[in-house]
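Undergrad: Next up, query09.cif (mmCIF, C-alpha atoms).
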data_structure
#
loop_
_atom_site.label_atom_id
_atom_site.label_comp_id
_atom_site.auth_asym_id
_atom_site.auth_seq_id
_atom_site.Cartn_x
_atom_site.Cartn_y
_atom_site.Cartn_z
CA MET C 1303 179.56 56.72 176.51
CA ALA C 1304 180.94 58.29 179.63
CA ASP C 1305 184.63 58.88 180.15
CA THR C 1306 186.60 55.90 181.31
CA THR C 1307 189.41 55.64 183.78
CA GLN C 1308 191.99 53.02 184.62
CA PHE C 1309 190.94 50.64 187.37
CA ASP C 1310 193.26 48.24 189.17
CA LEU C 1311 192.28 45.80 191.86
CA VAL C 1312 195.21 44.11 193.55
CA SER C 1313 195.48 41.82 196.52
CA PRO C 1314 198.80 40.86 198.09
CA GLU C 1315 198.73 37.56 196.26
CA ARG C 1316 197.72 38.59 192.79
CA ARG C 1317 196.35 41.25 190.50
CA LEU C 1318 192.64 40.62 190.08
CA ALA C 1319 191.61 43.23 187.62
CA SER C 1320 193.09 45.90 185.44
CA ALA C 1321 190.67 47.50 183.02
CA GLN C 1322 189.10 50.66 181.70
CA VAL C 1323 185.92 51.43 183.59
CA THR C 1324 183.29 54.14 183.71
CA ALA C 1325 182.52 53.90 187.42
CA VAL C 1326 183.62 51.99 190.47
CA GLN C 1327 181.53 51.58 193.59
CA ILE C 1328 183.78 51.37 196.61
CA PRO C 1329 182.71 50.25 200.07
CA GLY C 1330 184.59 52.96 201.98
CA ALA C 1331 185.01 52.91 205.73
CA ASP C 1332 182.87 56.04 206.03
CA GLY C 1333 180.28 54.90 203.53
CA ASP C 1334 180.00 53.75 199.96
CA MET C 1335 181.29 56.00 197.24
CA THR C 1336 181.19 55.84 193.51
CA ALA C 1337 184.26 57.03 191.72
CA MET C 1338 184.20 58.03 188.08
CA ALA C 1339 186.75 59.63 185.81
CA GLY C 1340 187.78 63.03 187.13
CA HIS C 1341 186.94 62.25 190.75
CA ALA C 1342 188.83 64.36 193.28
CA PRO C 1343 192.03 62.61 194.43
CA THR C 1344 191.04 60.59 197.47
CA ILE C 1345 192.45 57.90 199.67
CA THR C 1346 189.99 55.91 201.71
CA THR C 1347 190.12 52.76 203.77
CA LEU C 1348 187.72 49.94 202.97
CA ARG C 1349 185.27 48.02 205.05
CA PRO C 1350 184.31 44.47 204.07
CA GLY C 1351 181.86 44.78 201.24
CA VAL C 1352 181.11 44.35 197.60
CA LEU C 1353 183.04 46.44 195.13
CA SER C 1354 181.57 46.78 191.69
CA ALA C 1355 183.27 48.05 188.60
CA GLU C 1356 181.26 49.17 185.59
CA GLY C 1357 183.15 48.59 182.40
CA SER C 1358 182.21 48.58 178.75
CA ASP C 1359 181.37 44.88 178.98
CA GLY C 1360 179.06 45.08 181.97
CA THR C 1361 179.52 45.22 185.70
CA THR C 1362 181.94 43.01 187.58
CA GLU C 1363 181.54 42.53 191.29
CA TYR C 1364 184.22 41.60 193.80
CA LEU C 1365 184.13 40.73 197.44
CA VAL C 1366 186.75 42.71 199.32
CA THR C 1367 187.76 42.74 202.95
CA GLY C 1368 189.83 45.54 204.47
CA GLY C 1369 192.40 47.53 202.59
CA PHE C 1370 192.29 50.90 200.91
CA ALA C 1371 191.53 52.64 197.65
CA GLU C 1372 193.47 55.40 196.00
CA ILE C 1373 191.67 57.59 193.52
CA SER C 1374 193.90 59.88 191.51
CA ALA C 1375 194.07 61.47 188.11
CA ASP C 1376 195.87 58.38 186.82
CA GLY C 1377 193.09 56.03 187.80
CA ILE C 1378 191.58 54.10 190.63
CA THR C 1379 193.70 51.60 192.52
CA VAL C 1380 192.11 49.36 195.10
CA LEU C 1381 194.44 47.47 197.39
CA ALA C 1382 192.36 44.89 199.16
CA GLU C 1383 193.70 42.63 201.83
CA ARG C 1384 191.61 39.84 200.40
CA ALA C 1385 189.60 40.07 197.23
CA MET C 1386 187.81 37.61 195.02
CA PRO C 1387 185.24 37.76 192.24
CA LYS C 1388 181.81 37.69 193.84
CA SER C 1389 180.70 34.79 191.68
CA GLU C 1390 183.49 32.62 193.05
CA VAL C 1391 182.66 33.14 196.70
CA SER C 1392 180.95 30.14 198.19
CA ALA C 1393 178.72 30.11 201.25
CA GLU C 1394 181.38 28.13 203.12
CA GLN C 1395 184.05 30.72 202.41
CA MET C 1396 181.71 33.43 203.61
CA ASP C 1397 180.98 31.48 206.77
CA ALA C 1398 184.70 31.10 207.35
CA LEU C 1399 185.19 34.85 207.00
CA ILE C 1400 182.37 35.55 209.43
CA LYS C 1401 183.76 33.01 211.84
CA GLU C 1402 187.13 34.73 211.64
CA ALA C 1403 185.55 38.09 212.44
CA GLU C 1404 183.72 36.52 215.39
CA ASP C 1405 186.95 35.08 216.71
CA ALA C 1406 188.63 38.45 216.31
CA LEU C 1407 185.81 40.04 218.33
CA ASN C 1408 186.14 37.47 221.08
CA THR C 1409 189.91 37.92 221.23
CA ALA C 1410 189.47 41.69 221.34
CA LYS C 1411 186.98 41.34 224.18
CA GLU C 1412 189.45 39.29 226.15
CA THR C 1413 192.50 41.39 225.42
CA PHE C 1414 191.01 44.84 225.85
CA VAL C 1415 188.73 44.43 228.82
CA ASN C 1416 188.36 48.09 229.69
CA GLU C 1417 189.02 49.67 226.34
CA PRO C 1418 185.93 49.95 224.20
CA GLY C 1419 187.85 51.11 221.10
CA PRO C 1420 189.28 47.88 219.71
CA VAL C 1421 186.21 45.88 220.77
CA ASP C 1422 183.92 48.27 218.91
CA ASP C 1423 186.14 48.05 215.86
CA ALA C 1424 186.00 44.27 215.91
CA ALA C 1425 182.22 44.33 216.43
CA LYS C 1426 181.83 46.67 213.46
CA LEU C 1427 184.00 44.39 211.35
CA LEU C 1428 181.79 41.46 212.27
CA ALA C 1429 178.63 43.40 211.49
CA ASP C 1430 180.04 44.42 208.11
CA MET C 1431 181.06 40.87 207.41
CA VAL C 1432 177.60 39.53 208.24
CA ALA C 1433 176.01 42.20 206.05
CA VAL C 1434 178.23 41.21 203.14
CA GLY C 1435 177.36 37.58 203.77
CA ASP C 1436 173.67 38.36 203.39
CA GLN C 1437 174.39 40.25 200.20
CA ILE C 1438 176.39 37.37 198.75
CA ARG C 1439 173.88 34.69 199.56
CA VAL C 1440 171.02 36.42 197.75
CA MET S 148 244.46 0.09 197.72
CA PRO S 149 240.72 -0.65 197.60
CA SER S 150 239.71 -3.86 195.92
CA LEU S 151 237.95 -3.94 192.57
CA LYS S 152 234.71 -4.87 194.23
CA ASP S 153 234.92 -1.89 196.60
CA LEU S 154 235.57 0.49 193.74
CA LYS S 155 232.64 -0.86 191.80
CA ASN S 156 230.39 -0.37 194.80
CA ARG S 157 231.61 3.18 195.29
CA ILE S 158 230.94 4.01 191.66
CA GLU S 159 227.42 2.63 191.94
CA SER S 160 226.70 4.59 195.10
CA VAL S 161 227.98 7.87 193.65
CA LYS S 162 225.88 7.23 190.57
CA SER S 163 222.73 6.90 192.62
CA THR S 164 223.62 10.04 194.57
CA ARG S 165 223.96 11.84 191.27
CA LYS S 166 220.52 10.68 190.27
CA ILE S 167 219.06 12.08 193.47
CA THR S 168 220.78 15.45 193.25
CA LYS S 169 219.79 15.71 189.60
CA ALA S 170 216.15 15.06 190.53
CA MET S 171 216.30 17.60 193.36
CA GLN S 172 217.73 20.16 191.01
CA MET S 173 214.88 19.69 188.59
CA VAL S 174 212.28 19.85 191.34
CA ALA S 175 213.88 23.05 192.65
CA ALA S 176 213.82 24.52 189.14
CA ALA S 177 210.10 23.88 188.84
CA LYS S 178 209.42 25.25 192.31
CA LEU S 179 211.60 28.25 191.62
CA ARG S 180 209.45 29.20 188.67
CA ARG S 181 206.35 29.07 190.80
CA ALA S 182 207.97 30.99 193.65
CA GLN S 183 209.15 33.66 191.26
CA GLU S 184 205.68 34.02 189.81
CA ALA S 185 204.24 34.40 193.29
CA ALA S 186 206.81 37.06 194.11
CA GLU S 187 206.04 38.87 190.90
CA ASP S 188 202.27 38.75 191.49
CA ALA S 189 202.74 40.33 194.88
CA ARG S 190 204.90 43.15 193.62
CA PRO S 191 202.19 45.56 192.39
CA TYR S 192 200.49 45.47 195.77
CA THR S 193 203.66 46.10 197.72
CA GLU S 194 204.71 48.90 195.41
CA ARG S 195 201.39 50.76 195.51
CA PHE S 196 201.13 50.19 199.22
CA ASN S 197 204.53 51.64 199.93
CA ALA S 198 203.89 54.60 197.64
CA VAL S 199 200.70 55.51 199.47
CA MET S 200 202.26 54.90 202.86
CA ALA S 201 205.22 57.11 202.01
CA LYS S 202 202.80 59.85 201.02
CA LEU S 203 200.83 59.51 204.23
CA ALA S 204 203.92 59.20 206.38
CA ALA S 205 205.35 62.37 204.88
CA SER S 206 202.25 64.35 205.77
CA VAL S 207 201.70 62.97 209.26
CA GLY S 208 205.22 61.90 210.15
CA ASP S 209 206.34 64.89 212.17
CA SER S 210 203.31 65.41 214.36
CA ASP S 211 203.41 64.28 217.98
CA THR S 212 200.34 62.13 217.59
CA ALA S 213 201.85 59.99 214.85
CA PRO S 214 201.30 56.28 215.55
CA LYS S 215 204.11 54.49 217.34
CA LEU S 216 204.53 52.03 214.51
CA LEU S 217 205.71 54.94 212.39
CA SER S 218 207.51 57.24 214.80
CA GLY S 219 208.91 54.56 217.07
CA THR S 220 208.76 54.35 220.84
CA GLY S 221 211.41 57.01 221.21
CA SER S 222 214.02 54.47 222.17
CA ASP S 223 216.00 51.76 220.46
CA LYS S 224 217.01 49.84 223.52
CA VAL S 225 215.31 46.54 222.83
CA GLN S 226 215.72 45.17 219.35
CA LEU S 227 213.74 42.33 217.87
CA LEU S 228 215.40 40.31 215.16
CA ILE S 229 213.05 38.33 212.96
CA VAL S 230 215.16 35.76 211.18
CA MET S 231 213.42 34.13 208.24
CA THR S 232 214.99 31.01 206.79
CA SER S 233 213.84 27.84 205.09
CA GLU S 234 212.39 24.69 206.57
CA ARG S 235 214.67 22.39 204.65
CA GLY S 236 218.38 22.16 204.14
CA LEU S 237 220.40 21.12 201.10
CA CYS S 238 220.27 24.58 199.63
CA GLY S 239 223.90 25.64 199.76
CA GLY S 240 224.78 28.60 201.87
CA PHE S 241 221.28 30.05 201.85
CA ASN S 242 220.39 29.56 205.51
CA ALA S 243 223.92 30.01 206.73
CA ASN S 244 224.21 33.38 204.99
CA ILE S 245 221.02 34.74 206.53
CA ALA S 246 221.98 33.45 209.96
CA LYS S 247 225.45 34.91 209.58
CA LEU S 248 224.07 38.34 208.78
CA ALA S 249 221.69 38.11 211.74
CA ARG S 250 224.51 37.04 214.02
CA THR S 251 226.76 39.90 212.93
CA HIS S 252 223.87 42.27 213.52
CA ALA S 253 223.16 40.78 216.94
CA LYS S 254 226.80 40.99 217.92
CA LYS S 255 226.95 44.64 216.92
CA LEU S 256 223.82 45.47 218.90
CA LEU S 257 225.07 43.66 221.97
CA ALA S 258 228.38 45.49 221.72
CA GLU S 259 226.43 48.75 221.70
CA GLY S 260 224.76 47.74 224.93
CA LYS S 261 221.36 47.07 223.39
CA GLU S 262 219.09 44.26 224.35
CA ILE S 263 218.11 41.77 221.68
CA LYS S 264 215.29 39.33 221.20
CA ILE S 265 215.15 36.78 218.45
CA LEU S 266 212.13 35.42 216.67
CA THR S 267 212.70 32.83 213.99
CA VAL S 268 210.63 31.73 211.06
CA GLY S 269 211.81 28.46 209.54
CA LYS S 270 213.47 25.54 211.24
CA LYS S 271 216.98 25.95 209.84
CA GLY S 272 217.41 29.45 211.19
CA ARG S 273 216.07 28.45 214.56
CA ASP S 274 218.72 25.77 214.95
CA GLN S 275 221.51 28.13 213.99
CA MET S 276 220.38 31.10 216.06
CA LYS S 277 219.63 29.00 219.11
CA ARG S 278 223.14 27.65 219.20
CA ASP S 279 224.74 31.06 219.73
CA TYR S 280 221.98 33.23 221.11
CA GLY S 281 219.74 30.74 222.88
CA GLN S 282 219.13 33.03 225.84
CA TYR S 283 217.64 35.77 223.66
CA TYR S 284 215.37 33.45 221.79
CA ILE S 285 211.68 34.28 222.30
CA GLY S 286 209.72 32.35 219.74
CA HIS S 287 209.51 30.38 216.57
CA VAL S 288 206.97 30.28 213.76
CA ASP S 289 206.63 26.85 212.26
CA MET S 290 206.12 26.78 208.51
CA THR S 291 206.67 23.06 207.98
CA GLU S 292 203.03 22.40 207.22
CA ILE S 293 202.69 25.22 204.75
CA LYS S 294 203.12 24.19 201.14
CA ARG S 295 202.42 27.49 199.51
CA VAL S 296 202.97 30.71 201.40
CA GLY S 297 199.81 32.77 201.58
CA TYR S 298 199.14 36.27 202.81
CA VAL S 299 197.35 34.73 205.79
CA ASP S 300 200.62 33.21 206.99
CA ALA S 301 202.28 36.60 206.86
CA GLN S 302 199.33 38.07 208.75
CA ASN S 303 199.73 35.50 211.50
CA ILE S 304 203.39 36.35 211.94
CA ALA S 305 202.58 40.06 211.84
CA ARG S 306 199.89 39.62 214.48
CA ASP S 307 202.36 37.91 216.77
CA VAL S 308 204.93 40.65 216.24
CA LEU S 309 202.39 43.45 216.73
CA THR S 310 201.04 41.93 219.94
CA ARG S 311 204.55 41.89 221.31
CA PHE S 312 205.08 45.46 220.16
CA ASP S 313 201.87 46.65 221.82
CA ALA S 314 202.92 44.91 224.99
CA GLY S 315 206.11 46.96 224.88
CA GLU S 316 208.40 43.99 224.46
CA PHE S 317 210.66 45.72 221.95
CA ASP S 318 211.32 49.08 220.29
CA VAL S 319 212.75 48.22 216.91
CA ALA S 320 212.10 45.21 214.71
CA THR S 321 214.36 44.12 211.90
CA LEU S 322 213.54 41.47 209.35
CA PHE S 323 216.24 39.18 207.97
CA TYR S 324 215.73 37.41 204.68
CA ALA S 325 217.44 36.87 201.34
CA VAL S 326 216.53 38.95 198.33
CA PHE S 327 216.36 36.91 195.16
CA GLU S 328 218.77 38.35 192.64
CA ASN S 329 219.19 35.36 190.34
CA VAL S 330 219.81 31.65 190.60
CA VAL S 331 223.41 32.02 191.69
CA SER S 332 223.09 35.03 193.95
CA GLN S 333 220.69 35.63 196.80
CA ILE S 334 221.53 38.60 198.93
CA PRO S 335 220.92 38.34 202.68
CA THR S 336 219.17 41.52 203.71
CA ALA S 337 218.24 43.26 206.93
CA GLN S 338 215.17 45.44 206.75
CA GLN S 339 213.75 47.51 209.56
CA ILE S 340 209.97 47.12 209.71
CA ILE S 341 209.13 48.78 213.03
CA PRO S 342 209.25 51.77 213.12
CA ALA S 343 208.25 51.67 209.50
CA GLN S 344 210.51 53.16 206.87
CA PHE S 345 209.32 54.04 203.43
CA ASP S 346 211.24 55.10 200.39
CA ALA S 347 210.51 58.64 199.35
CA VAL S 348 207.96 59.06 196.58
CA GLU S 349 208.86 60.24 193.14
CA GLY S 350 208.52 63.97 192.69
CA ASP S 351 205.59 64.00 190.26
CA ASP S 352 203.19 62.45 192.75
CA ALA S 353 203.90 64.83 195.57
CA SER S 354 202.05 67.72 193.99
CA THR S 355 198.63 66.04 194.14
CA VAL S 356 196.59 66.89 197.20
CA PHE S 357 194.50 63.99 198.34
CA ASP S 358 191.27 63.90 200.27
CA TYR S 359 191.50 61.43 203.07
CA GLU S 360 188.53 59.50 204.27
CA PRO S 361 188.55 59.12 207.25
CA ASP S 362 191.42 61.46 208.17
CA GLU S 363 195.10 60.75 207.53
CA GLU S 364 195.87 59.53 211.00
CA ALA S 365 192.98 57.09 211.10
CA ILE S 366 194.08 55.69 207.75
CA LEU S 367 197.65 55.42 208.96
CA ALA S 368 196.57 53.66 212.13
CA ASP S 369 194.61 51.22 210.00
CA LEU S 370 197.30 50.70 207.41
CA LEU S 371 200.50 50.50 209.44
CA PRO S 372 199.73 47.07 210.91
CA ARG S 373 198.86 45.91 207.41
CA GLY S 374 202.17 47.36 206.27
CA VAL S 375 204.00 45.07 208.67
CA ALA S 376 202.14 42.09 207.25
CA THR S 377 202.85 43.24 203.70
CA GLN S 378 206.58 43.57 204.37
CA ILE S 379 206.71 40.16 206.01
CA PHE S 380 204.77 38.67 203.10
CA ALA S 381 207.16 40.21 200.60
CA GLY S 382 210.06 38.86 202.64
CA LEU S 383 208.57 35.39 202.75
CA LEU S 384 208.08 35.34 199.00
CA GLU S 385 211.58 36.61 198.28
CA ASN S 386 212.90 34.01 200.65
CA GLY S 387 210.88 31.30 198.93
CA ALA S 388 212.34 32.16 195.55
CA SER S 389 215.83 32.51 197.00
CA GLU S 390 215.65 29.16 198.73
CA GLN S 391 214.71 27.36 195.54
CA GLY S 392 217.32 29.26 193.56
CA ALA S 393 220.01 28.40 196.09
CA ARG S 394 218.94 24.78 196.15
CA MET S 395 218.96 24.62 192.39
CA SER S 396 222.54 25.84 192.07
CA ALA S 397 223.69 23.78 195.04
CA MET S 398 222.22 20.65 193.49
CA ASP S 399 223.63 21.54 190.12
CA ASN S 400 227.08 21.70 191.70
CA ALA S 401 226.52 18.45 193.53
CA THR S 402 225.47 16.73 190.31
CA ARG S 403 228.55 17.99 188.55
CA ASN S 404 230.83 16.94 191.43
CA ALA S 405 229.30 13.49 191.41
CA GLY S 406 230.00 13.27 187.68
CA GLU S 407 233.65 14.16 188.23
CA MET S 408 233.93 11.68 191.05
CA ILE S 409 232.48 8.93 188.89
CA GLU S 410 235.04 9.70 186.18
CA ASP S 411 237.94 9.58 188.65
CA LEU S 412 236.69 6.39 190.22
CA THR S 413 236.19 4.76 186.85
CA ILE S 414 239.74 5.58 185.84
CA GLU S 415 241.02 4.17 189.11
CA TYR S 416 238.86 1.09 188.63
CA ASN S 417 240.16 0.49 185.13
CA ARG S 418 243.75 1.02 186.22
CA SER S 419 243.56 -1.48 189.04
CA ARG S 420 241.76 -3.95 186.79
CA GLN S 421 244.56 -3.57 184.27
CA ALA S 422 247.13 -4.00 187.04
CA VAL S 423 245.48 -7.22 188.14
CA ILE S 424 245.51 -8.55 184.57
CA THR S 425 249.13 -7.58 184.10
CA ASN S 426 250.04 -9.29 187.34
CA GLU S 427 248.28 -12.46 186.30
CA LEU S 428 250.03 -12.40 182.93
CA ILE S 429 253.43 -11.96 184.58
CA GLU S 430 252.68 -14.89 186.85
CA ILE S 431 251.67 -17.10 183.93
CA ILE S 432 254.63 -16.11 181.78
CA SER S 433 257.20 -16.48 184.54
CA GLY S 434 255.57 -19.78 185.44
CA ALA S 435 255.92 -20.96 181.80
CA GLU S 436 259.54 -19.78 181.64
CA ALA S 437 260.44 -21.68 184.75
CA LEU S 438 259.47 -24.97 183.14
#
Would you encode the structure as structure tokens?

TA:
Amino acid sequence: MADTTQFDLVSPERRLASAQVTAVQIPGADGDMTAMAGHAPTITTLRPGVLSAEGSDGTTEYLVTGGFAEISADGITVLAERAMPKSEVSAEQMDALIKEAEDALNTAKETFVNEPGPVDDAAKLLADMVAVGDQIRV
Amino acid sequence: MPSLKDLKNRIESVKSTRKITKAMQMVAAAKLRRAQEAAEDARPYTERFNAVMAKLAASVGDSDTAPKLLSGTGSDKVQLLIVMTSERGLCGGFNANIAKLARTHAKKLLAEGKEIKILTVGKKGRDQMKRDYGQYYIGHVDMTEIKRVGYVDAQNIARDVLTRFDAGEFDVATLFYAVFENVVSQIPTAQQIIPAQFDAVEGDDASTVFDYEPDEEAILADLLPRGVATQIFAGLLENGASEQGARMSAMDNATRNAGEMIEDLTIEYNRSRQAVITNELIEIISGAEAL
């Protein structure tokens, strides 16, 4: 049995998980990372994706949208803007999230006509969202 | 002197008022419990968030490239006041207290020669602020349709505020709401949200060196707008609990007052009834004596 570390997943509305885990896979903005006990202290932002926590009683998966994760000696804390257990996410909810990202992209296109930065960000968000949607629907 | 019939009617009407205030008090008590739970559930997020932000802000804060949401625009000429109140009345001094604090603040700023703009959340505050500072009023967020405050609602308000900030409409934003202390005391509070202010972190955390992915400034740029939403959300929840608490004690007082009034009226009713009887007796007796 590998070492365990404290894992907390909180959204602004409630605390979703607080448990001892062996590893947590985090969809970081710069790529996925797996954090285990003794990981170097890190703070990373999240992209929309699936976060999975491996505990003693199996793996739990959560859908998270933006936010950030803090990995420190005390444990792993994920602060997700929106988070829900993957099993509870319905296709309709996913569609709504994708729709929201599409709207955000359209707004960004209108607002920032000559600035590629925000438009690219919104496009990336949408792409991430669609990718997550495919993952969820499987 | 009101007639017996009038008194009886008054007693009945006060009794039905008491029933209503009693019911409202109980509804507020139930809602208060839910609002408090919601506020408590949100606390871990806000706390962690602020701790991390304070850490980041401390390391980036002084550089010239720090985001404007953190370092400010370099001026404090135009001030935005976000006044958050409830949608419904009958909650004692709750709305009036928040509006009073906002008004004092506005008066002070105007005296200092600053410009102010007012954004209101909640109908009651809008009415009060519009009366005195109508010309500075720039917008209102309607929460009438919202039964249970969600993070999404806070995000919508934050988006509105941030768009205005990006457009250079104001330099400093202050949030007005009431912090829930307990059922009898809700403290109206002013909190500056732009530029962001974070409480310093406890000493033990400061020694850890974190890796940042992507770099600190990119994280800050990503998180600061979320910070605004988080603060607004926390404010909304506090306000929700405060509103119900204030309503509960206001209705409790009203119920008690109604009870006292019923007692007084009943005594008056009985007295005048007795007076009428006595009068009738005197008439009968003096009539009998005259024979």

Undergrad: Per residue of chain S within 6 Å of chain C, which atom pair is closest and at what distance in Å (one decimal), using all atoms listed in the file, listed by chain and increasing number, as CSV?

TA:
residue,atom,partner,partner_atom,distance
S:Asp188,CA,C:Arg1316,CA,4.7
S:Ala189,CA,C:Glu1315,CA,5.1
S:Tyr192,CA,C:Pro1314,CA,5.4
S:Phe357,CA,C:Pro1343,CA,4.8
S:Asp358,CA,C:Thr1344,CA,4.3
S:Tyr359,CA,C:Ile1345,CA,5.0
S:Glu360,CA,C:Thr1346,CA,4.6

Undergrad: Select, counting all atoms listed in the file, all protein, DNA and RNA residues no farther than 12 Å from (180.1, 35.9, 193.8) in file coordinates, and express the selection as a ChimeraX atom specification.

TA: /C:1351-1354,1362-1366,1385-1393,1395-1396,1434-1440

Undergrad: List, as number ranges by chain, every residue that the PyMOL selection byres ((chain S and resi 394) around 12) selects in the file provided.

TA: S: 168-179, 233, 235-242, 330-333, 386-393, 395-402

Undergrad: As a PyMOL selection string, please: the residues near C:Ser1358 (cut-off 12 Å, all atoms listed in the file, same-chain neighbours under 5 positions excluded).

TA: chain C and resi 1303-1307+1321-1325

Undergrad: Take the residues from that selection and write them out as a PDB file, in the frame of the given file, keeping C-alpha atoms.

TA:
ATOM      1  CA  MET C1303     179.560  56.720 176.510  1.00  0.00           C
ATOM      2  CA  ALA C1304     180.940  58.290 179.630  1.00  0.00           C
ATOM      3  CA  ASP C1305     184.630  58.880 180.150  1.00  0.00           C
ATOM      4  CA  THR C1306     186.600  55.900 181.310  1.00  0.00           C
ATOM      5  CA  THR C1307     189.410  55.640 183.780  1.00  0.00           C
ATOM      6  CA  ALA C1321     190.670  47.500 183.020  1.00  0.00           C
ATOM      7  CA  GLN C1322     189.100  50.660 181.700  1.00  0.00           C
ATOM      8  CA  VAL C1323     185.920  51.430 183.590  1.00  0.00           C
ATOM      9  CA  THR C1324     183.290  54.140 183.710  1.00  0.00           C
ATOM     10  CA  ALA C1325     182.520  53.900 187.420  1.00  0.00           C
TER      11      ALA C1325
END

Undergrad: Between S:Lys264, S:Lys271, S:Lys162, S:Arg295, which residue has the minimum interatomic distance to S:Tyr283, considering all atoms listed in the file?

TA: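 Ranking S:Lys264, S:Lys271, S:Lys162, S:Arg295 by distance to S:Tyr283, first place goes to S:Lys264.
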
Undergrad: Taking the file above as input, evaluate the PyMOL selection byres ((chain S and resi 324-327) around 7) and report the hits as an mmCIF file with C-alpha atoms, in the coordinates of the input.

TA:
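result.cif written:
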data_model
loop_
_atom_site.group_PDB
_atom_site.id
_atom_site.type_symbol
_atom_site.label_atom_id
_atom_site.label_comp_id
_atom_site.auth_asym_id
_atom_site.auth_seq_id
_atom_site.Cartn_x
_atom_site.Cartn_y
_atom_site.Cartn_z
ATOM 1 C CA VAL S 230 215.160 35.760 211.180
ATOM 2 C CA MET S 231 213.420 34.130 208.240
ATOM 3 C CA THR S 232 214.990 31.010 206.790
ATOM 4 C CA ILE S 245 221.020 34.740 206.530
ATOM 5 C CA LEU S 322 213.540 41.470 209.350
ATOM 6 C CA PHE S 323 216.240 39.180 207.970
ATOM 7 C CA GLU S 328 218.770 38.350 192.640
ATOM 8 C CA ASN S 329 219.190 35.360 190.340
ATOM 9 C CA GLN S 333 220.690 35.630 196.800
ATOM 10 C CA ILE S 334 221.530 38.600 198.930
ATOM 11 C CA PRO S 335 220.920 38.340 202.680
ATOM 12 C CA THR S 336 219.170 41.520 203.710
ATOM 13 C CA ALA S 337 218.240 43.260 206.930
ATOM 14 C CA GLY S 382 210.060 38.860 202.640
ATOM 15 C CA GLU S 385 211.580 36.610 198.280
ATOM 16 C CA ASN S 386 212.900 34.010 200.650
ATOM 17 C CA ALA S 388 212.340 32.160 195.550
ATOM 18 C CA SER S 389 215.830 32.510 197.000
#

Undergrad: Work out how far apart atom CA of S:Ile340 and atom CA of S:Lys247 are and give it in Å to one decimal.

TA: 19.7 Å

Undergrad: Got a sec: who's within 10 Å of C:Lys1401, counting all atoms listed in the file, leaving out chain neighbours fewer than 6 positions off, as a list in words?

TA: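 Listed by chain and then number, they are Gln1395, Leu1407, Leu1428, Met1431 and Val1432 of chain C.
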
Undergrad: One decimal, in Å: what's the spacing between atom CA of S:Lys215 and atom CA of C:Leu1399?

TA: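 For atom CA of S:Lys215 relative to atom CA of C:Leu1399, the distance reads 29.2 Å.
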